[in-house]
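Participant: Contents of input_17.txt (compact mmCIF, C-alpha atoms):
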# COMPACT_ATOMS: atom_id res chain seq x y z
CA MET A 893 -68.36 -26.48 -33.18
CA ARG A 894 -71.00 -26.39 -30.45
CA PRO A 895 -68.82 -28.14 -27.82
CA ILE A 896 -66.04 -25.66 -28.54
CA LEU A 897 -68.42 -22.70 -28.16
CA ARG A 898 -69.74 -24.22 -24.94
CA VAL A 899 -66.20 -24.42 -23.58
CA PHE A 900 -65.58 -20.74 -24.39
CA ARG A 901 -68.88 -19.70 -22.78
CA ARG A 902 -68.11 -21.61 -19.59
CA ALA A 903 -64.54 -20.33 -19.49
CA GLY A 904 -65.66 -16.73 -19.89
CA ARG A 905 -67.86 -16.75 -16.80
CA THR A 906 -65.02 -16.01 -14.35
CA TRP A 907 -62.84 -12.92 -14.19
CA VAL A 908 -59.77 -15.10 -13.59
CA SER A 909 -60.14 -16.82 -16.95
CA VAL A 910 -60.74 -13.50 -18.70
CA ILE A 911 -57.59 -11.97 -17.20
CA GLY A 912 -55.58 -15.04 -18.13
CA ALA A 913 -56.87 -14.98 -21.69
CA LEU A 914 -56.09 -11.26 -22.04
CA LEU A 915 -52.55 -11.67 -20.71
CA LEU A 916 -51.93 -14.66 -22.96
CA ALA A 917 -53.42 -12.92 -26.01
CA ALA A 918 -51.31 -9.81 -25.37
CA SER A 919 -48.13 -11.90 -25.04
CA ILE A 920 -48.82 -13.81 -28.24
CA ALA A 921 -49.78 -10.65 -30.12
CA ALA A 922 -46.59 -8.94 -29.00
CA ALA A 923 -44.53 -11.93 -30.10
CA VAL A 924 -46.23 -12.19 -33.49
CA ALA A 925 -46.66 -8.54 -34.40
CA GLY A 926 -43.93 -7.07 -32.19
CA PRO A 927 -41.17 -6.94 -34.81
CA ALA A 928 -43.49 -5.11 -37.19
CA VAL A 929 -44.33 -2.40 -34.64
CA ALA A 930 -40.94 -2.19 -32.91
CA PRO A 931 -39.72 1.43 -32.95
CA GLY A 932 -36.21 0.51 -34.02
CA SER A 933 -33.64 -2.20 -34.58
CA PRO A 934 -33.08 -4.54 -31.63
CA ILE A 935 -29.36 -4.78 -32.33
CA ALA A 936 -28.47 -1.23 -33.45
CA ILE A 937 -25.78 0.18 -31.13
CA ALA A 938 -25.85 3.86 -30.14
CA ILE A 939 -23.24 4.48 -27.48
CA PRO A 940 -24.24 8.17 -26.91
CA ASP A 941 -27.73 6.92 -25.88
CA ARG A 942 -26.54 4.18 -23.47
CA LEU A 943 -28.52 3.57 -20.27
CA GLU A 944 -31.11 6.24 -20.95
CA ALA A 945 -34.11 6.09 -18.64
CA PRO A 946 -37.54 5.56 -20.23
CA ASN A 947 -38.51 8.68 -22.16
CA ALA A 948 -40.60 9.83 -25.11
CA ARG A 949 -38.03 8.53 -27.62
CA HIS A 950 -37.26 5.25 -25.86
CA TRP A 951 -40.35 4.13 -23.98
CA PHE A 952 -38.52 1.31 -22.16
CA GLY A 953 -35.17 3.12 -22.03
CA THR A 954 -31.90 1.84 -23.50
CA ASP A 955 -29.33 -0.73 -22.42
CA GLN A 956 -25.57 -0.49 -21.92
CA TYR A 957 -24.99 -0.32 -25.67
CA GLY A 958 -27.70 2.25 -26.37
CA ARG A 959 -30.04 -0.35 -27.87
CA ASP A 960 -33.77 0.30 -27.53
CA VAL A 961 -35.13 -1.96 -24.78
CA LEU A 962 -38.69 -1.89 -26.18
CA SER A 963 -37.52 -3.15 -29.56
CA ARG A 964 -35.41 -5.85 -27.94
CA THR A 965 -38.29 -6.89 -25.69
CA LEU A 966 -40.69 -7.24 -28.61
CA TRP A 967 -38.20 -9.21 -30.67
CA GLY A 968 -37.22 -11.26 -27.63
CA GLY A 969 -40.83 -12.34 -27.17
CA ARG A 970 -40.83 -13.85 -30.65
CA TYR A 971 -37.76 -15.96 -29.87
CA SER A 972 -38.74 -16.95 -26.32
CA ILE A 973 -42.42 -17.73 -26.91
CA GLY A 974 -41.64 -19.34 -30.27
CA ALA A 975 -39.04 -21.64 -28.73
CA ALA A 976 -41.34 -22.58 -25.84
CA PHE A 977 -44.27 -23.26 -28.18
CA THR A 978 -42.16 -25.43 -30.47
CA ALA A 979 -40.81 -27.40 -27.51
CA VAL A 980 -44.35 -27.91 -26.18
CA MET A 981 -45.55 -29.19 -29.54
CA LEU A 982 -42.61 -31.58 -29.96
CA GLY A 983 -42.90 -32.86 -26.39
CA THR A 984 -46.66 -33.26 -26.72
CA VAL A 985 -46.50 -35.14 -30.02
CA VAL A 986 -43.66 -37.47 -29.03
CA GLY A 987 -44.69 -38.00 -25.42
CA GLY A 988 -48.39 -38.20 -26.21
CA LEU A 989 -47.83 -40.80 -28.93
CA LEU A 990 -45.65 -42.96 -26.68
CA GLY A 991 -48.09 -42.68 -23.79
CA LEU A 992 -51.03 -43.50 -26.04
CA LEU A 993 -49.35 -46.61 -27.40
CA GLY A 994 -48.23 -47.76 -23.97
CA GLY A 995 -51.58 -47.13 -22.31
CA TYR A 996 -53.56 -48.92 -25.01
CA HIS A 997 -51.33 -51.92 -25.69
CA GLY A 998 -49.91 -52.42 -22.19
CA GLY A 999 -47.50 -55.29 -21.66
CA ARG A 1000 -43.82 -55.03 -22.47
CA ALA A 1001 -44.17 -51.89 -24.60
CA ASP A 1002 -45.86 -50.04 -21.76
CA TRP A 1003 -43.22 -51.22 -19.28
CA VAL A 1004 -40.34 -50.06 -21.48
CA ILE A 1005 -41.91 -46.65 -22.15
CA MET A 1006 -42.71 -46.00 -18.50
CA ARG A 1007 -39.30 -47.13 -17.23
CA ALA A 1008 -37.62 -44.83 -19.76
CA SER A 1009 -39.87 -42.01 -18.54
CA ASP A 1010 -38.88 -42.79 -14.95
CA VAL A 1011 -35.21 -42.39 -15.86
CA PHE A 1012 -35.78 -38.92 -17.31
CA LEU A 1013 -38.12 -37.87 -14.50
CA ALA A 1014 -35.53 -38.88 -11.91
CA PHE A 1015 -33.46 -35.81 -12.83
CA PRO A 1016 -34.50 -32.22 -12.03
CA ALA A 1017 -36.06 -30.83 -15.20
CA LEU A 1018 -33.89 -27.73 -15.46
CA LEU A 1019 -30.68 -29.61 -14.66
CA LEU A 1020 -31.44 -32.21 -17.32
CA ALA A 1021 -32.27 -29.47 -19.84
CA ILE A 1022 -28.96 -27.74 -19.08
CA GLY A 1023 -27.09 -31.00 -19.63
CA VAL A 1024 -28.81 -31.77 -22.93
CA ALA A 1025 -28.41 -28.19 -24.20
CA ALA A 1026 -24.73 -28.21 -23.20
CA VAL A 1027 -24.16 -31.41 -25.18
CA LEU A 1028 -26.01 -30.08 -28.24
CA GLY A 1029 -24.34 -26.67 -28.09
CA SER A 1030 -25.72 -23.17 -27.67
CA GLY A 1031 -28.53 -21.94 -29.87
CA MET A 1032 -32.31 -21.88 -29.95
CA LYS A 1033 -32.52 -25.20 -31.77
CA SER A 1034 -30.60 -26.90 -28.97
CA ILE A 1035 -32.87 -25.35 -26.34
CA VAL A 1036 -36.00 -26.52 -28.16
CA ILE A 1037 -34.71 -30.09 -28.43
CA ALA A 1038 -33.53 -30.11 -24.81
CA LEU A 1039 -36.86 -28.86 -23.47
CA ALA A 1040 -38.84 -31.26 -25.66
CA ILE A 1041 -36.76 -34.19 -24.36
CA VAL A 1042 -37.25 -33.07 -20.77
CA TYR A 1043 -41.03 -32.60 -20.94
CA ALA A 1044 -41.98 -35.48 -23.27
CA PRO A 1045 -41.96 -38.05 -20.40
CA ARG A 1046 -44.53 -35.96 -18.49
CA MET A 1047 -46.77 -35.89 -21.53
CA ALA A 1048 -46.33 -39.65 -21.92
CA ARG A 1049 -47.48 -40.29 -18.35
CA VAL A 1050 -50.49 -38.00 -18.72
CA MET A 1051 -51.58 -39.66 -21.97
CA ARG A 1052 -51.04 -43.13 -20.56
CA GLY A 1053 -53.14 -42.31 -17.52
CA ALA A 1054 -55.94 -41.04 -19.76
CA ALA A 1055 -55.76 -44.02 -22.14
CA LEU A 1056 -55.81 -46.78 -19.50
CA PRO A 1057 -59.47 -46.40 -18.46
CA VAL A 1058 -60.62 -45.68 -22.02
CA ARG A 1059 -59.32 -48.98 -23.40
CA GLN A 1060 -61.65 -50.86 -21.03
CA MET A 1061 -64.79 -49.09 -22.21
CA GLU A 1062 -67.60 -51.02 -23.85
CA TYR A 1063 -67.45 -49.11 -27.11
CA ILE A 1064 -63.79 -50.11 -27.49
CA GLU A 1065 -64.76 -53.76 -27.11
CA ALA A 1066 -67.55 -53.24 -29.63
CA ALA A 1067 -65.10 -51.74 -32.12
CA ARG A 1068 -62.77 -54.72 -31.67
CA SER A 1069 -65.64 -57.16 -32.19
CA GLU A 1070 -66.48 -55.42 -35.47
CA GLY A 1071 -62.94 -56.05 -36.70
CA ALA A 1072 -61.51 -52.57 -36.24
CA GLY A 1073 -57.72 -52.52 -36.14
CA ALA A 1074 -55.60 -51.02 -33.38
CA GLY A 1075 -54.75 -47.95 -35.44
CA ARG A 1076 -58.38 -47.13 -36.16
CA ILE A 1077 -59.39 -47.63 -32.53
CA LEU A 1078 -56.56 -45.43 -31.32
CA LEU A 1079 -57.33 -42.58 -33.72
CA ARG A 1080 -61.13 -42.67 -33.68
CA HIS A 1081 -61.97 -43.74 -30.14
CA VAL A 1082 -59.06 -43.53 -27.70
CA LEU A 1083 -57.29 -40.35 -28.82
CA PRO A 1084 -60.39 -38.06 -28.86
CA ASN A 1085 -61.14 -39.01 -25.26
CA CYS A 1086 -57.56 -38.30 -24.17
CA ILE A 1087 -57.15 -34.93 -25.88
CA PRO A 1088 -58.70 -32.86 -23.03
CA ALA A 1089 -56.09 -34.15 -20.56
CA LEU A 1090 -53.34 -33.45 -23.09
CA ILE A 1091 -54.59 -29.91 -23.70
CA VAL A 1092 -54.61 -29.12 -19.99
CA GLN A 1093 -51.16 -30.57 -19.40
CA GLY A 1094 -49.81 -28.82 -22.48
CA SER A 1095 -51.10 -25.41 -21.38
CA ILE A 1096 -49.61 -25.84 -17.91
CA SER A 1097 -46.31 -27.17 -19.26
CA PHE A 1098 -46.14 -24.22 -21.66
CA SER A 1099 -45.56 -21.85 -18.76
CA GLN A 1100 -42.96 -24.15 -17.21
CA ILE A 1101 -41.13 -24.50 -20.50
CA LEU A 1102 -41.19 -20.73 -21.03
CA LEU A 1103 -39.53 -20.27 -17.63
CA ALA A 1104 -37.01 -23.00 -18.43
CA GLU A 1105 -36.20 -21.36 -21.77
CA ALA A 1106 -35.61 -18.05 -20.00
CA ALA A 1107 -33.35 -19.79 -17.47
CA LEU A 1108 -31.30 -21.48 -20.19
CA SER A 1109 -30.95 -18.22 -22.11
CA PHE A 1110 -30.00 -16.46 -18.87
CA LEU A 1111 -27.17 -18.99 -18.46
CA GLY A 1112 -25.92 -18.31 -21.99
CA LEU A 1113 -27.19 -21.49 -23.66
CA GLY A 1114 -29.63 -19.71 -25.98
CA GLU A 1115 -29.11 -17.64 -29.08
CA PRO A 1116 -25.70 -15.92 -29.07
CA PRO A 1117 -25.52 -12.11 -28.74
CA PRO A 1118 -26.75 -9.77 -30.01
CA THR A 1119 -29.95 -11.76 -30.68
CA PRO A 1120 -32.46 -10.72 -27.98
CA THR A 1121 -34.33 -13.21 -25.84
CA TRP A 1122 -36.06 -12.42 -22.58
CA GLY A 1123 -33.71 -14.59 -20.53
CA ALA A 1124 -30.60 -13.15 -22.18
CA MET A 1125 -31.87 -9.63 -21.57
CA LEU A 1126 -32.27 -10.43 -17.88
CA SER A 1127 -28.70 -11.71 -17.84
CA GLU A 1128 -27.36 -8.60 -19.57
CA GLY A 1129 -29.23 -6.28 -17.22
CA LYS A 1130 -28.27 -7.95 -13.94
CA ASP A 1131 -25.15 -5.79 -13.67
CA PHE A 1132 -27.21 -2.60 -13.92
CA LEU A 1133 -30.02 -3.31 -11.46
CA THR A 1134 -29.08 -0.36 -9.26
CA THR A 1135 -28.22 2.14 -11.99
CA ALA A 1136 -30.53 1.12 -14.86
CA PRO A 1137 -33.15 -1.35 -13.56
CA TRP A 1138 -35.37 -0.90 -16.63
CA VAL A 1139 -32.99 -3.06 -18.67
CA SER A 1140 -34.17 -6.11 -16.70
CA ILE A 1141 -37.55 -4.97 -15.40
CA PHE A 1142 -39.40 -4.91 -18.71
CA PRO A 1143 -38.37 -8.36 -20.05
CA GLY A 1144 -38.97 -9.72 -16.54
CA LEU A 1145 -42.49 -8.28 -16.51
CA CYS A 1146 -43.16 -9.81 -19.94
CA ILE A 1147 -42.08 -13.24 -18.68
CA SER A 1148 -44.26 -12.86 -15.59
CA ALA A 1149 -47.29 -11.75 -17.61
CA ALA A 1150 -46.96 -14.61 -20.10
CA VAL A 1151 -46.49 -17.24 -17.39
CA LEU A 1152 -49.39 -15.88 -15.32
CA GLY A 1153 -51.66 -15.86 -18.35
CA LEU A 1154 -50.71 -19.42 -19.26
CA ASN A 1155 -51.28 -20.65 -15.71
CA LEU A 1156 -54.69 -18.99 -15.44
CA VAL A 1157 -55.76 -20.33 -18.83
CA GLY A 1158 -54.46 -23.80 -17.91
CA ASP A 1159 -56.44 -23.81 -14.65
CA THR A 1160 -59.55 -22.67 -16.50
CA LEU A 1161 -59.19 -25.39 -19.13
CA ARG A 1162 -58.74 -27.97 -16.40
CA ASP A 1163 -61.92 -26.83 -14.66
CA VAL A 1164 -63.89 -26.82 -17.91
CA LEU A 1165 -62.61 -29.99 -19.55
CA ASP A 1166 -62.31 -32.24 -16.49
CA PRO A 1167 -65.79 -33.71 -15.86
CA ARG A 1168 -64.82 -34.61 -12.29
CA LEU A 1169 -64.58 -30.88 -11.47
CA SER A 1170 -67.86 -29.93 -13.17
How would this structure read if it were set down as structure tokens?

Facilitator:
Amino acid sequence: MRPILRVFRRAGRTWVSVIGALLLAASIAAAVAGPAVAPGSPIAIAIPDRLEAPNARHWFGTDQYGRDVLSRTLWGGRYSIGAAFTAVMLGTVVGGLLGLLGGYHGGRADWVIMRASDVFLAFPALLLAIGVAAVLGSGMKSIVIALAIVYAPRMARVMRGAALPVRQMEYIEAARSEGAGAGRILLRHVLPNCIPALIVQGSISFSQILLAEAALSFLGLGEPPPTPTWGAMLSEGKDFLTTAPWVSIFPGLCISAAVLGLNLVGDTLRDVLDPRLS
């Protein structure tokens, strides 16, 4: 508990980290509690109210079908942030496990894992995600799987790089001499020392995955209409940028705020958890 509190105290000393934490907390709170506080249905059509500018009844205005943009933005945050978080967790677990095994054992297993990672990393991340999502079909599940596949190799390389120096430490040799098995050494000695690097990479990748999810939804590979996601709302509003810019402005601002908060928090975690920067 004390190391965790020490991390929070050190992170709270700069205004950059505070702003990042506030933006991230606001984005997560909106995604979690947004549907409960949304003023109306995100899919209810009201043609007489179409393309209304922001007013007392519709704070963010309405879209081309008269749907409340605020309600759609709040619901869209749940889908977009939820999909990005799930993809980060899957990519971190799969990639981190592979990188941990490869970095600790070395040899042929490490060579196979790294060469497979090189194959995936040879393709542009967004292009590969589009290809995988197109093969799996449209839908949020396909986007999550596609993004997890794309970002798992990065996690594997980060974990491998953190595990390589740890396996040469004296306490690892002492554990081996006492008869500890590979599984126990990995879980009790290697993994705890690699977690800080994984946390930093995960927080930074979260923002990249959120942008990639928005791009895939913008291209029509996400949830089908009328389900709101931030990327799909940007796509729907692109035809009304001159007449009704609020249809795209508000989901775009939410994406920007969430990504900025994640980047600032990721930089802060890197500064706090990386002893070389202390």

Participant: Counting all atoms listed in the file, figure out which residue out of A:Leu992, A:Ala1044, A:Met1051, A:Leu1020 gets nearest to Ala1008 of chain A.

Facilitator: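 Between A:Leu992, A:Ala1044, A:Met1051, A:Leu1020, the residue approaching Ala1008 of chain A most closely is A:Ala1044.
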
Participant: Which residues, written as a list of chain:residue names, have at least one atom at most 10 Å from Arg1046 of chain A, with only C-alpha atoms counted and residues fewer than 6 positions away on the same chain left out?

Facilitator: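 The neighbour list is A:Gly983, A:Thr984, A:Gly987, A:Gly988, A:Gly991, A:Ser1009, A:Asp1010, A:Phe1012, A:Leu1013, A:Arg1052, A:Gln1093, A:Gly1094, A:Ser1097.
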
Participant: Could you build a table of the residues in segment 955-998 of chain A lying no more than 12 Å from segment 1137-1150 of chain A, giving for each the nearest pair of atoms and their separation in Å rounded to one decimal place, using all atoms listed in the file, ordered by chain and ascending residue number, as JSON lines?

Facilitator:
{"residue": "A:Asp955", "atom": "CA", "partner": "A:Val1139", "partner_atom": "CA", "distance": 5.7}
{"residue": "A:Gln956", "atom": "CA", "partner": "A:Val1139", "partner_atom": "CA", "distance": 8.5}
{"residue": "A:Tyr957", "atom": "CA", "partner": "A:Val1139", "partner_atom": "CA", "distance": 11.0}
{"residue": "A:Gly958", "atom": "CA", "partner": "A:Val1139", "partner_atom": "CA", "distance": 10.7}
{"residue": "A:Arg959", "atom": "CA", "partner": "A:Val1139", "partner_atom": "CA", "distance": 10.0}
{"residue": "A:Asp960", "atom": "CA", "partner": "A:Val1139", "partner_atom": "CA", "distance": 9.5}
{"residue": "A:Val961", "atom": "CA", "partner": "A:Val1139", "partner_atom": "CA", "distance": 6.6}
{"residue": "A:Leu962", "atom": "CA", "partner": "A:Phe1142", "partner_atom": "CA", "distance": 8.1}
{"residue": "A:Ser963", "atom": "CA", "partner": "A:Pro1143", "partner_atom": "CA", "distance": 10.9}
{"residue": "A:Arg964", "atom": "CA", "partner": "A:Pro1143", "partner_atom": "CA", "distance": 8.8}
{"residue": "A:Thr965", "atom": "CA", "partner": "A:Pro1143", "partner_atom": "CA", "distance": 5.8}
{"residue": "A:Leu966", "atom": "CA", "partner": "A:Pro1143", "partner_atom": "CA", "distance": 8.9}
{"residue": "A:Trp967", "atom": "CA", "partner": "A:Pro1143", "partner_atom": "CA", "distance": 10.7}
{"residue": "A:Gly968", "atom": "CA", "partner": "A:Pro1143", "partner_atom": "CA", "distance": 8.2}
{"residue": "A:Gly969", "atom": "CA", "partner": "A:Cys1146", "partner_atom": "CA", "distance": 8.0}
{"residue": "A:Arg970", "atom": "CA", "partner": "A:Cys1146", "partner_atom": "CA", "distance": 11.7}
{"residue": "A:Ser972", "atom": "CA", "partner": "A:Ile1147", "partner_atom": "CA", "distance": 9.1}
{"residue": "A:Ile973", "atom": "CA", "partner": "A:Ala1150", "partner_atom": "CA", "distance": 8.8}
{"residue": "A:Ala976", "atom": "CA", "partner": "A:Ala1150", "partner_atom": "CA", "distance": 11.3}

Participant: Take atom CA of Ser919 of chain A and atom CA of Gly1129 of chain A and report the distance between them in Å, one decimal.

Facilitator: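 Interatomic distance, atom CA of Ser919 of chain A to atom CA of Gly1129 of chain A: 21.2 Å.
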
Participant: Kindly give the distance, in Å, that separates atom CA of Tyr971 of chain A and atom CA of Ile1096 of chain A, rounded to a single decimal.

Facilitator: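 These two atoms are separated by 19.5 Å.
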